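Trainee: Encoded as structure tokens, here's the structure I'll be asking about.
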Amino acid sequence: MKAVVYDRYGSPDVLHVEDVPVPTPAADQVRIKVAATSVNLSDWECLRGSPAYARIGGLRSPATRTLGSDIAGVVDDVGEGVTRFRPGDEVYGDNLALKGGFAEYALAPESALGRKPAQLTFAEASTIPQAGAIARQGTERTVAGSRVLINGAGGGSGCFAIQLAKRLGAHVTGVDNAAKQDFMRALGADDVIDYRRDDFTRTSQPYDLILDLVAHRSVFAYRRALAPGGRYRCAGGSARTLLRVLIVGSVTGRVTGRSIGVLVVKAGPAHFEPLADLCVTEEVSIHVDRTFTLDEVPVALAQVGEGRALGKVVVAPS
Ligand SMILES: NC(=O)c1ccc[n+]([C@@H]2O[C@H](COP(=O)([O-])OP(=O)(O)OC[C@H]3O[C@@H](n4cnc5c(N)ncnc54)[C@H](OP(=O)(O)O)[C@@H]3O)[C@@H](O)[C@H]2O)c1
């Protein structure tokens, strides 16, 4: 089968298409004939080996040769002990532990997968698992009438997070680069901020909830941007910032009556299927910026990593 592989961290140039054996499912795994895999910022981070947390499991060279975790496709074979799926079932899920979605076939643990809703295409379904879980968990404490800010709101998780926070009745501010301002407004953002021009932490009207997908500032800046009783959660960003938020954030938050911490996202169908239900009923919309072939995976990854994608980018192997 064809798979996009890499053996060292680097730019998209280190990726190439190779003929590799079709993998055999182990116990509790299914093999999926991949129809679509969406690109996440985590793929870009694992390609570059940066931030440092992207090297967990592979300090000097990548732990897995093929990237791609948000997979949608058809079950083609099952390992011993698999009970929920059989060949022919249409599935989707976040395969963050094994990855392998930028290939014609991929293995995934049964527990990572849900049944694809018939109303969604494979490309649409592949956009939901990782970004949807981040967006849901990042906005779940939203209260009607509260002020919510999403930093990095024009990307994959942000475009779901804006819509979810709006549904819960919040006043939503989206922060991203100038080219994504209209896109964020179209998704429902009440206010938008161009992060290259303005610093959201220097606001006169602080926020009740901040979901930060690209954290780079000091804990004290985040504290300043929060209203009393407010909550800041970062899902991604520089390793140094995440570490500071973990160590200094909880203390700073507690002594100032705010909650500052890292969002550790729970994965699995229970965490993304509720969002898929909202997509099926068209209460939340899916934005696929562009679909690429396997040969084009380096371009697809660069489009996300270099910040040119509006919403999600998808790779369709066949
Ligand atoms: N915590 C967990 O358990 C967990 C699990 C999975 C993934 N993650 C992480 O969660 C994050 C999810 O990101 P995603 O997939 O939604 O990323 P994405 O699709 O790449 O979106 C990120 C957006 O942020 C923008 N951006 C870049 N720098 C910015 C800045 N300084 N200020 C404001 N916006 C900025 C980007 O645009 P430009 O670059 O064009 O400006 C882009 O539109 C990733 O970091 C991923 O590693 C966390």
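Chains: A, B, ... in order of the structure tokens. Residues: from 1 per chain. Ligands: from 1, in order shown.
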Enumerate as a list in words the residues within 6 Å of ligand 1, counting only C-alpha atoms and all ligand atoms.

Mentor: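 Using only C-alpha atoms and all ligand atoms, everything at most 6 Å from ligand 1 comes to Asn40, Leu41, Ser42, Ala131, Asn151, Gly152, Ala153, Gly154, Gly155, Gly156, Ser157, Gly158, Val175, Asp176, Asn177, Tyr195, Leu213, Val214, Ala235, Gly236, Gly237, Leu263, Val264, Val265, Val304, Gly305, Glu306, Gly307 and Arg308 of chain A.
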
Trainee: Got a sec to tell me which of range 105-278 of chain A DSSP assigns to strand (DSSP E), as a PDB file with N, CA, C and O atoms, in the first residue's frame?

Mentor:
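In the end it all went to result30.pdb:
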```
ATOM      1  N   TYR A 105      -4.202   2.250   4.207  1.00  0.00           N
ATOM      2  CA  TYR A 105      -4.796   1.473   5.310  1.00  0.00           C
ATOM      3  C   TYR A 105      -4.151   1.921   6.617  1.00  0.00           C
ATOM      4  O   TYR A 105      -2.971   2.277   6.632  1.00  0.00           O
ATOM      5  N   ALA A 106      -4.927   1.869   7.702  1.00  0.00           N
ATOM      6  CA  ALA A 106      -4.383   2.231   9.018  1.00  0.00           C
ATOM      7  C   ALA A 106      -4.974   1.316  10.074  1.00  0.00           C
ATOM      8  O   ALA A 106      -6.098   0.821   9.924  1.00  0.00           O
ATOM      9  N   LEU A 107      -4.211   1.101  11.143  1.00  0.00           N
ATOM     10  CA  LEU A 107      -4.715   0.350  12.297  1.00  0.00           C
ATOM     11  C   LEU A 107      -5.147   1.329  13.372  1.00  0.00           C
ATOM     12  O   LEU A 107      -4.499   2.362  13.565  1.00  0.00           O
ATOM     13  N   ALA A 108      -6.223   0.983  14.070  1.00  0.00           N
ATOM     14  CA  ALA A 108      -6.666   1.824  15.198  1.00  0.00           C
ATOM     15  C   ALA A 108      -7.273   0.937  16.264  1.00  0.00           C
ATOM     16  O   ALA A 108      -7.903  -0.091  15.947  1.00  0.00           O
ATOM     17  N   PRO A 109      -7.101   1.316  17.549  1.00  0.00           N
ATOM     18  CA  PRO A 109      -7.789   0.554  18.594  1.00  0.00           C
ATOM     19  C   PRO A 109      -9.300   0.738  18.438  1.00  0.00           C
ATOM     20  O   PRO A 109      -9.766   1.853  18.141  1.00  0.00           O
ATOM     21  N   LEU A 113     -12.724   4.527  18.124  1.00  0.00           N
ATOM     22  CA  LEU A 113     -13.591   4.741  16.958  1.00  0.00           C
ATOM     23  C   LEU A 113     -15.073   4.827  17.300  1.00  0.00           C
ATOM     24  O   LEU A 113     -15.550   4.194  18.242  1.00  0.00           O
ATOM     25  N   GLY A 114     -15.774   5.608  16.479  1.00  0.00           N
ATOM     26  CA  GLY A 114     -17.236   5.637  16.526  1.00  0.00           C
ATOM     27  C   GLY A 114     -17.760   5.267  15.147  1.00  0.00           C
ATOM     28  O   GLY A 114     -17.002   5.222  14.170  1.00  0.00           O
ATOM     29  N   ARG A 115     -19.051   4.998  15.082  1.00  0.00           N
ATOM     30  CA  ARG A 115     -19.687   4.682  13.801  1.00  0.00           C
ATOM     31  C   ARG A 115     -19.955   5.992  13.056  1.00  0.00           C
ATOM     32  O   ARG A 115     -20.551   6.910  13.632  1.00  0.00           O
ATOM     33  N   ARG A 147     -18.620  36.304  28.748  1.00  0.00           N
ATOM     34  CA  ARG A 147     -17.699  36.732  27.691  1.00  0.00           C
ATOM     35  C   ARG A 147     -16.642  35.653  27.495  1.00  0.00           C
ATOM     36  O   ARG A 147     -15.893  35.333  28.416  1.00  0.00           O
ATOM     37  N   VAL A 148     -16.633  35.103  26.279  1.00  0.00           N
ATOM     38  CA  VAL A 148     -15.703  34.008  25.962  1.00  0.00           C
ATOM     39  C   VAL A 148     -14.728  34.480  24.891  1.00  0.00           C
ATOM     40  O   VAL A 148     -15.143  35.098  23.904  1.00  0.00           O
ATOM     41  N   LEU A 149     -13.450  34.204  25.087  1.00  0.00           N
ATOM     42  CA  LEU A 149     -12.450  34.511  24.055  1.00  0.00           C
ATOM     43  C   LEU A 149     -11.766  33.219  23.614  1.00  0.00           C
ATOM     44  O   LEU A 149     -11.402  32.385  24.452  1.00  0.00           O
ATOM     45  N   ILE A 150     -11.636  33.053  22.300  1.00  0.00           N
ATOM     46  CA  ILE A 150     -10.947  31.877  21.768  1.00  0.00           C
ATOM     47  C   ILE A 150      -9.724  32.366  21.006  1.00  0.00           C
ATOM     48  O   ILE A 150      -9.848  33.122  20.030  1.00  0.00           O
ATOM     49  N   ASN A 151      -8.541  31.960  21.480  1.00  0.00           N
ATOM     50  CA  ASN A 151      -7.303  32.391  20.830  1.00  0.00           C
ATOM     51  C   ASN A 151      -6.863  31.314  19.834  1.00  0.00           C
ATOM     52  O   ASN A 151      -6.676  30.155  20.208  1.00  0.00           O
ATOM     53  N   HIS A 171     -21.082  35.777  24.591  1.00  0.00           N
ATOM     54  CA  HIS A 171     -20.564  36.816  23.691  1.00  0.00           C
ATOM     55  C   HIS A 171     -19.154  36.344  23.345  1.00  0.00           C
ATOM     56  O   HIS A 171     -18.307  36.187  24.228  1.00  0.00           O
ATOM     57  N   VAL A 172     -18.909  36.069  22.051  1.00  0.00           N
ATOM     58  CA  VAL A 172     -17.658  35.392  21.674  1.00  0.00           C
ATOM     59  C   VAL A 172     -16.708  36.331  20.932  1.00  0.00           C
ATOM     60  O   VAL A 172     -17.101  36.997  19.979  1.00  0.00           O
ATOM     61  N   THR A 173     -15.459  36.331  21.395  1.00  0.00           N
ATOM     62  CA  THR A 173     -14.396  37.065  20.691  1.00  0.00           C
ATOM     63  C   THR A 173     -13.431  36.038  20.099  1.00  0.00           C
ATOM     64  O   THR A 173     -12.941  35.158  20.811  1.00  0.00           O
ATOM     65  N   GLY A 174     -13.177  36.147  18.804  1.00  0.00           N
ATOM     66  CA  GLY A 174     -12.234  35.248  18.128  1.00  0.00           C
ATOM     67  C   GLY A 174     -10.949  35.982  17.830  1.00  0.00           C
ATOM     68  O   GLY A 174     -10.969  37.114  17.341  1.00  0.00           O
ATOM     69  N   VAL A 175      -9.818  35.330  18.144  1.00  0.00           N
ATOM     70  CA  VAL A 175      -8.506  35.941  17.877  1.00  0.00           C
ATOM     71  C   VAL A 175      -7.767  35.090  16.852  1.00  0.00           C
ATOM     72  O   VAL A 175      -7.630  33.871  17.027  1.00  0.00           O
ATOM     73  N   ASP A 176      -7.333  35.717  15.783  1.00  0.00           N
ATOM     74  CA  ASP A 176      -6.513  35.022  14.779  1.00  0.00           C
ATOM     75  C   ASP A 176      -5.925  36.070  13.847  1.00  0.00           C
ATOM     76  O   ASP A 176      -6.071  37.267  14.111  1.00  0.00           O
ATOM     77  N   ASP A 191     -16.997  39.599  18.205  1.00  0.00           N
ATOM     78  CA  ASP A 191     -15.848  40.498  18.031  1.00  0.00           C
ATOM     79  C   ASP A 191     -14.680  39.671  17.503  1.00  0.00           C
ATOM     80  O   ASP A 191     -14.583  38.474  17.802  1.00  0.00           O
ATOM     81  N   VAL A 192     -13.812  40.316  16.756  1.00  0.00           N
ATOM     82  CA  VAL A 192     -12.613  39.614  16.291  1.00  0.00           C
ATOM     83  C   VAL A 192     -11.394  40.491  16.575  1.00  0.00           C
ATOM     84  O   VAL A 192     -11.483  41.716  16.581  1.00  0.00           O
ATOM     85  N   ILE A 193     -10.267  39.828  16.819  1.00  0.00           N
ATOM     86  CA  ILE A 193      -9.014  40.540  17.100  1.00  0.00           C
ATOM     87  C   ILE A 193      -7.930  39.936  16.217  1.00  0.00           C
ATOM     88  O   ILE A 193      -7.817  38.707  16.104  1.00  0.00           O
ATOM     89  N   ASP A 194      -7.143  40.801  15.578  1.00  0.00           N
ATOM     90  CA  ASP A 194      -5.990  40.358  14.792  1.00  0.00           C
ATOM     91  C   ASP A 194      -4.802  40.281  15.750  1.00  0.00           C
ATOM     92  O   ASP A 194      -4.337  41.309  16.245  1.00  0.00           O
ATOM     93  N   TYR A 207     -12.403  38.717  30.298  1.00  0.00           N
ATOM     94  CA  TYR A 207     -13.219  37.580  29.831  1.00  0.00           C
ATOM     95  C   TYR A 207     -13.517  36.608  30.976  1.00  0.00           C
ATOM     96  O   TYR A 207     -12.725  36.445  31.901  1.00  0.00           O
ATOM     97  N   ASP A 208     -14.665  35.936  30.843  1.00  0.00           N
ATOM     98  CA  ASP A 208     -15.046  34.922  31.842  1.00  0.00           C
ATOM     99  C   ASP A 208     -14.413  33.569  31.515  1.00  0.00           C
ATOM    100  O   ASP A 208     -14.158  32.764  32.399  1.00  0.00           O
ATOM    101  N   LEU A 209     -14.203  33.333  30.215  1.00  0.00           N
ATOM    102  CA  LEU A 209     -13.586  32.061  29.801  1.00  0.00           C
ATOM    103  C   LEU A 209     -12.662  32.341  28.621  1.00  0.00           C
ATOM    104  O   LEU A 209     -13.063  32.986  27.647  1.00  0.00           O
ATOM    105  N   ILE A 210     -11.433  31.857  28.719  1.00  0.00           N
ATOM    106  CA  ILE A 210     -10.496  31.958  27.592  1.00  0.00           C
ATOM    107  C   ILE A 210     -10.059  30.547  27.225  1.00  0.00           C
ATOM    108  O   ILE A 210      -9.564  29.797  28.071  1.00  0.00           O
ATOM    109  N   LEU A 211     -10.281  30.178  25.966  1.00  0.00           N
ATOM    110  CA  LEU A 211      -9.754  28.910  25.444  1.00  0.00           C
ATOM    111  C   LEU A 211      -8.607  29.280  24.520  1.00  0.00           C
ATOM    112  O   LEU A 211      -8.804  29.954  23.506  1.00  0.00           O
ATOM    113  N   ASP A 212      -7.403  28.838  24.881  1.00  0.00           N
ATOM    114  CA  ASP A 212      -6.200  29.238  24.138  1.00  0.00           C
ATOM    115  C   ASP A 212      -5.639  28.021  23.400  1.00  0.00           C
ATOM    116  O   ASP A 212      -5.200  27.054  24.021  1.00  0.00           O
ATOM    117  N   LEU A 226      -8.483  37.951  32.563  1.00  0.00           N
ATOM    118  CA  LEU A 226      -9.634  37.233  33.134  1.00  0.00           C
ATOM    119  C   LEU A 226     -10.424  38.096  34.111  1.00  0.00           C
ATOM    120  O   LEU A 226      -9.839  38.794  34.953  1.00  0.00           O
ATOM    121  N   ALA A 227     -11.732  38.006  34.024  1.00  0.00           N
ATOM    122  CA  ALA A 227     -12.595  38.654  35.016  1.00  0.00           C
ATOM    123  C   ALA A 227     -12.507  37.861  36.329  1.00  0.00           C
ATOM    124  O   ALA A 227     -12.140  36.680  36.311  1.00  0.00           O
ATOM    125  N   PRO A 228     -12.847  38.481  37.477  1.00  0.00           N
ATOM    126  CA  PRO A 228     -12.865  37.713  38.737  1.00  0.00           C
ATOM    127  C   PRO A 228     -13.737  36.464  38.567  1.00  0.00           C
ATOM    128  O   PRO A 228     -14.822  36.535  37.988  1.00  0.00           O
ATOM    129  N   GLY A 229     -13.221  35.318  39.020  1.00  0.00           N
ATOM    130  CA  GLY A 229     -13.955  34.053  38.868  1.00  0.00           C
ATOM    131  C   GLY A 229     -13.778  33.436  37.490  1.00  0.00           C
ATOM    132  O   GLY A 229     -14.306  32.362  37.215  1.00  0.00           O
ATOM    133  N   GLY A 230     -13.027  34.109  36.619  1.00  0.00           N
ATOM    134  CA  GLY A 230     -12.855  33.632  35.241  1.00  0.00           C
ATOM    135  C   GLY A 230     -11.935  32.416  35.138  1.00  0.00           C
ATOM    136  O   GLY A 230     -11.209  32.074  36.077  1.00  0.00           O
ATOM    137  N   ARG A 231     -11.978  31.797  33.954  1.00  0.00           N
ATOM    138  CA  ARG A 231     -11.266  30.531  33.749  1.00  0.00           C
ATOM    139  C   ARG A 231     -10.447  30.608  32.464  1.00  0.00           C
ATOM    140  O   ARG A 231     -10.977  30.980  31.402  1.00  0.00           O
ATOM    141  N   TYR A 232      -9.163  30.275  32.548  1.00  0.00           N
ATOM    142  CA  TYR A 232      -8.282  30.216  31.363  1.00  0.00           C
ATOM    143  C   TYR A 232      -7.816  28.774  31.186  1.00  0.00           C
ATOM    144  O   TYR A 232      -7.349  28.145  32.137  1.00  0.00           O
ATOM    145  N   ARG A 233      -7.969  28.237  29.973  1.00  0.00           N
ATOM    146  CA  ARG A 233      -7.456  26.902  29.678  1.00  0.00           C
ATOM    147  C   ARG A 233      -6.698  26.934  28.359  1.00  0.00           C
ATOM    148  O   ARG A 233      -7.220  27.414  27.350  1.00  0.00           O
ATOM    149  N   CYS A 234      -5.449  26.434  28.355  1.00  0.00           N
ATOM    150  CA  CYS A 234      -4.727  26.334  27.080  1.00  0.00           C
ATOM    151  C   CYS A 234      -4.665  24.873  26.659  1.00  0.00           C
ATOM    152  O   CYS A 234      -4.460  23.971  27.478  1.00  0.00           O
ATOM    153  N   SER A 259      -9.182  30.826  37.653  1.00  0.00           N
ATOM    154  CA  SER A 259      -8.698  29.469  37.442  1.00  0.00           C
ATOM    155  C   SER A 259      -7.865  29.437  36.162  1.00  0.00           C
ATOM    156  O   SER A 259      -8.369  29.762  35.079  1.00  0.00           O
ATOM    157  N   ILE A 260      -6.584  29.103  36.307  1.00  0.00           N
ATOM    158  CA  ILE A 260      -5.672  29.120  35.154  1.00  0.00           C
ATOM    159  C   ILE A 260      -5.041  27.739  35.035  1.00  0.00           C
ATOM    160  O   ILE A 260      -4.412  27.257  35.988  1.00  0.00           O
ATOM    161  N   GLY A 261      -5.215  27.071  33.890  1.00  0.00           N
ATOM    162  CA  GLY A 261      -4.668  25.725  33.769  1.00  0.00           C
ATOM    163  C   GLY A 261      -4.588  25.249  32.331  1.00  0.00           C
ATOM    164  O   GLY A 261      -4.929  25.963  31.391  1.00  0.00           O
ATOM    165  N   VAL A 262      -4.101  24.009  32.199  1.00  0.00           N
ATOM    166  CA  VAL A 262      -3.954  23.369  30.886  1.00  0.00           C
ATOM    167  C   VAL A 262      -5.166  22.462  30.668  1.00  0.00           C
ATOM    168  O   VAL A 262      -5.604  21.783  31.601  1.00  0.00           O
TER     169      VAL A 262
END
```

Trainee: At what distance in Å, to one decimal, does CA of Phe122 in chain A lie from CA of Gly88 in chain A?

Mentor: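 Answer for the CA of Gly88 in chain A to CA of Phe122 in chain A separation: 13.9 Å.
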
Trainee: Considering only C-alpha atoms, can you say which of A:Arg31, A:Arg141, A:Arg60, A:Arg240 comes closest to Gly169 in chain A?

Mentor: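 That would be A:Arg141, the residue with the smallest distance to Gly169 in chain A.
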
Trainee: Please report the interatomic distance between CA of Thr37 in chain A and CA of Leu168 in chain A in Å with one decimal.

Mentor: 29.1 Å

Trainee: Pick out the residues sitting within 12 Å of Lys266 in chain A, and hand them over as a list in words; count only C-alpha atoms, and ignore anything fewer than 3 positions along from it in its own chain.

Mentor: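 The contact residues come out as Asp94, Leu96, Ala112, Pro129, Gln130, Ala131, Gly132, Ala133, Ile134, Ala135, Arg136, Gln137, Gly138, Ala235, Leu263, Pro269, Ala270, His271 and Phe272 of chain A.
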
Trainee: Generate the output file for the selected residues, N, CA and C atoms, as a PDB file, in the first residue's frame.

Mentor:
```pdb
ATOM      1  N   ASP A  94     -10.201   9.575  16.499  1.00  0.00           N
ATOM      2  CA  ASP A  94      -8.896  10.206  16.690  1.00  0.00           C
ATOM      3  C   ASP A  94      -7.905   9.121  17.089  1.00  0.00           C
ATOM      4  N   LEU A  96      -4.732   9.174  17.836  1.00  0.00           N
ATOM      5  CA  LEU A  96      -3.545   9.947  18.215  1.00  0.00           C
ATOM      6  C   LEU A  96      -2.386   9.036  18.654  1.00  0.00           C
ATOM      7  N   ALA A 112     -11.023   3.741  20.049  1.00  0.00           N
ATOM      8  CA  ALA A 112     -10.868   5.128  19.561  1.00  0.00           C
ATOM      9  C   ALA A 112     -11.949   5.507  18.562  1.00  0.00           C
ATOM     10  N   PRO A 129     -13.130  14.384  15.133  1.00  0.00           N
ATOM     11  CA  PRO A 129     -12.699  13.768  16.401  1.00  0.00           C
ATOM     12  C   PRO A 129     -11.757  14.606  17.276  1.00  0.00           C
ATOM     13  N   GLN A 130     -10.601  15.009  16.768  1.00  0.00           N
ATOM     14  CA  GLN A 130      -9.666  15.717  17.651  1.00  0.00           C
ATOM     15  C   GLN A 130     -10.099  17.168  17.886  1.00  0.00           C
ATOM     16  N   ALA A 131     -10.362  17.877  16.795  1.00  0.00           N
ATOM     17  CA  ALA A 131     -10.738  19.291  16.919  1.00  0.00           C
ATOM     18  C   ALA A 131     -12.052  19.425  17.689  1.00  0.00           C
ATOM     19  N   GLY A 132     -12.963  18.499  17.455  1.00  0.00           N
ATOM     20  CA  GLY A 132     -14.269  18.554  18.117  1.00  0.00           C
ATOM     21  C   GLY A 132     -14.155  18.295  19.605  1.00  0.00           C
ATOM     22  N   ALA A 133     -13.305  17.334  19.978  1.00  0.00           N
ATOM     23  CA  ALA A 133     -13.137  17.035  21.409  1.00  0.00           C
ATOM     24  C   ALA A 133     -12.513  18.235  22.123  1.00  0.00           C
ATOM     25  N   ILE A 134     -11.523  18.874  21.472  1.00  0.00           N
ATOM     26  CA  ILE A 134     -10.886  20.059  22.078  1.00  0.00           C
ATOM     27  C   ILE A 134     -11.929  21.173  22.233  1.00  0.00           C
ATOM     28  N   ALA A 135     -12.691  21.410  21.156  1.00  0.00           N
ATOM     29  CA  ALA A 135     -13.666  22.510  21.175  1.00  0.00           C
ATOM     30  C   ALA A 135     -14.747  22.273  22.219  1.00  0.00           C
ATOM     31  N   ARG A 136     -15.242  21.044  22.321  1.00  0.00           N
ATOM     32  CA  ARG A 136     -16.315  20.748  23.291  1.00  0.00           C
ATOM     33  C   ARG A 136     -15.815  20.928  24.710  1.00  0.00           C
ATOM     34  N   GLN A 137     -14.670  20.299  25.009  1.00  0.00           N
ATOM     35  CA  GLN A 137     -14.183  20.354  26.389  1.00  0.00           C
ATOM     36  C   GLN A 137     -13.697  21.759  26.751  1.00  0.00           C
ATOM     37  N   GLY A 138     -13.220  22.483  25.742  1.00  0.00           N
ATOM     38  CA  GLY A 138     -12.738  23.843  25.997  1.00  0.00           C
ATOM     39  C   GLY A 138     -13.854  24.840  26.221  1.00  0.00           C
ATOM     40  N   ALA A 235      -4.858  24.662  25.351  1.00  0.00           N
ATOM     41  CA  ALA A 235      -4.806  23.297  24.802  1.00  0.00           C
ATOM     42  C   ALA A 235      -3.495  23.066  24.078  1.00  0.00           C
ATOM     43  N   LEU A 263      -5.684  22.474  29.439  1.00  0.00           N
ATOM     44  CA  LEU A 263      -6.807  21.593  29.108  1.00  0.00           C
ATOM     45  C   LEU A 263      -6.234  20.257  28.630  1.00  0.00           C
ATOM     46  N   PRO A 269     -14.836   8.265  21.360  1.00  0.00           N
ATOM     47  CA  PRO A 269     -16.128   8.585  20.758  1.00  0.00           C
ATOM     48  C   PRO A 269     -17.071   9.355  21.675  1.00  0.00           C
ATOM     49  N   ALA A 270     -17.027   9.075  22.990  1.00  0.00           N
ATOM     50  CA  ALA A 270     -17.949   9.785  23.901  1.00  0.00           C
ATOM     51  C   ALA A 270     -17.704  11.286  23.848  1.00  0.00           C
ATOM     52  N   HIS A 271     -16.497  11.680  23.448  1.00  0.00           N
ATOM     53  CA  HIS A 271     -16.140  13.101  23.472  1.00  0.00           C
ATOM     54  C   HIS A 271     -16.316  13.794  22.126  1.00  0.00           C
ATOM     55  N   PHE A 272     -16.439  13.023  21.038  1.00  0.00           N
ATOM     56  CA  PHE A 272     -16.659  13.718  19.751  1.00  0.00           C
ATOM     57  C   PHE A 272     -18.012  13.407  19.120  1.00  0.00           C
TER      58      PHE A 272
END
```

Trainee: Can you tell me which residues surround Ala239 in chain A at a distance of at most 8 Å, considering only C-alpha atoms, apart from same-chain residues fewer than 6 positions away, and format the answer as a VMD selection string?

Mentor: chain A and resid 51 to 53

Trainee: Please compute the CA of Ser318 in chain A-CA of Glu45 in chain A distance, one decimal, in Å.

Mentor: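 Between these atoms lies a distance of 25.2 Å.
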
Trainee: Mind listing the alpha helix (DSSP H) residues of range 14-118 of chain A, per DSSP on the backbone, as a VMD selection string?

Mentor: chain A and resid 41 to 48

Trainee: Restrict the selected residues to N, CA and C atoms and save them as a CSV table (one decimal), in the first residue's frame.

Mentor:
```
chain,number,residue,atom,x,y,z
A,41,LEU,N,-3.1,20.5,13.9
A,41,LEU,CA,-1.8,21.1,14.2
A,41,LEU,C,-0.9,20.1,14.9
A,42,SER,N,-1.5,19.1,15.6
A,42,SER,CA,-0.6,18.1,16.2
A,42,SER,C,0.2,17.3,15.2
A,43,ASP,N,-0.3,17.2,13.9
A,43,ASP,CA,0.5,16.5,12.9
A,43,ASP,C,1.7,17.3,12.5
A,44,TRP,N,1.4,18.6,12.4
A,44,TRP,CA,2.5,19.6,12.1
A,44,TRP,C,3.6,19.5,13.2
A,45,GLU,N,3.1,19.6,14.4
A,45,GLU,CA,4.0,19.6,15.6
A,45,GLU,C,4.9,18.3,15.6
A,46,CYS,N,4.2,17.1,15.3
A,46,CYS,CA,5.0,15.9,15.3
A,46,CYS,C,5.9,15.8,14.1
A,47,LEU,N,5.6,16.4,13.0
A,47,LEU,CA,6.5,16.5,11.8
A,47,LEU,C,7.8,17.3,12.2
A,48,ARG,N,7.5,18.4,12.8
A,48,ARG,CA,8.7,19.3,13.2
A,48,ARG,C,9.4,18.9,14.4
```

Trainee: Compile the contact shell of Thr83 in chain A as a list in words: residues with an atom at most 12 Å away, counting only C-alpha atoms, same-chain residues fewer than 5 positions apart removed.

Mentor: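 Here the answer would be Ala27, Asp28, Gln29, Val30, Val78, Pro109, Glu110 and Ser111 of chain A.
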
Trainee: Now that the selection is made, can you save its residues with N, CA, C and O atoms as a short mmCIF file (atom, residue, chain, number, x, y, z; two decimals), in the first residue's frame?

Mentor:
```
data_model
loop_
_atom_site.label_atom_id
_atom_site.label_comp_id
_atom_site.auth_asym_id
_atom_site.auth_seq_id
_atom_site.Cartn_x
_atom_site.Cartn_y
_atom_site.Cartn_z
N ALA A 27 -4.68 -7.68 18.60
CA ALA A 27 -5.88 -7.82 19.43
C ALA A 27 -6.47 -6.43 19.73
O ALA A 27 -5.73 -5.47 19.97
N ASP A 28 -7.76 -6.33 19.69
CA ASP A 28 -8.52 -5.09 19.98
C ASP A 28 -8.30 -3.97 18.95
O ASP A 28 -8.69 -2.83 19.19
N GLN A 29 -7.67 -4.31 17.83
CA GLN A 29 -7.48 -3.28 16.77
C GLN A 29 -8.33 -3.62 15.56
O GLN A 29 -8.62 -4.79 15.29
N VAL A 30 -8.67 -2.58 14.81
CA VAL A 30 -9.31 -2.80 13.51
C VAL A 30 -8.40 -2.21 12.43
O VAL A 30 -7.61 -1.30 12.70
N VAL A 78 -10.52 -7.12 11.31
CA VAL A 78 -10.52 -6.86 12.76
C VAL A 78 -9.63 -7.87 13.48
O VAL A 78 -9.50 -9.02 13.04
N PRO A 109 -7.10 1.32 17.55
CA PRO A 109 -7.79 0.55 18.59
C PRO A 109 -9.30 0.74 18.44
O PRO A 109 -9.77 1.85 18.14
N GLU A 110 -10.02 -0.33 18.65
CA GLU A 110 -11.49 -0.27 18.55
C GLU A 110 -12.04 0.86 19.41
O GLU A 110 -12.97 1.57 19.02
N SER A 111 -11.42 1.06 20.60
CA SER A 111 -11.95 2.03 21.56
C SER A 111 -11.87 3.47 21.06
O SER A 111 -12.55 4.35 21.58
#
```

Trainee: Residues at most 8 Å from range 289-295 of chain A, counting only C-alpha atoms, excluding those fewer than 6 positions away in the same chain, as a list in words?

Mentor: Ala3, Val4, His16, Val17, Phe102, Ala103, Ala309, Leu310, Gly311, Lys312, Val313, Val314, Val315, Ala316, Pro317 and Ser318 of chain A

Trainee: Could you check which of A:Met1, A:Leu301, A:Ala221, A:Val39 is closest to Ile128 in chain A, using only C-alpha atoms?

Mentor: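 So, comparing all the options, the nearest one is A:Val39.
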
Trainee: With only C-alpha atoms as the atoms that count, which of A:Asp182, A:Glu283, A:Asp199, A:Asp7 lies nearest to Pro62 in chain A?

Mentor: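 Comparing A:Asp182, A:Glu283, A:Asp199, A:Asp7 against Pro62 in chain A, the winner is A:Asp7.
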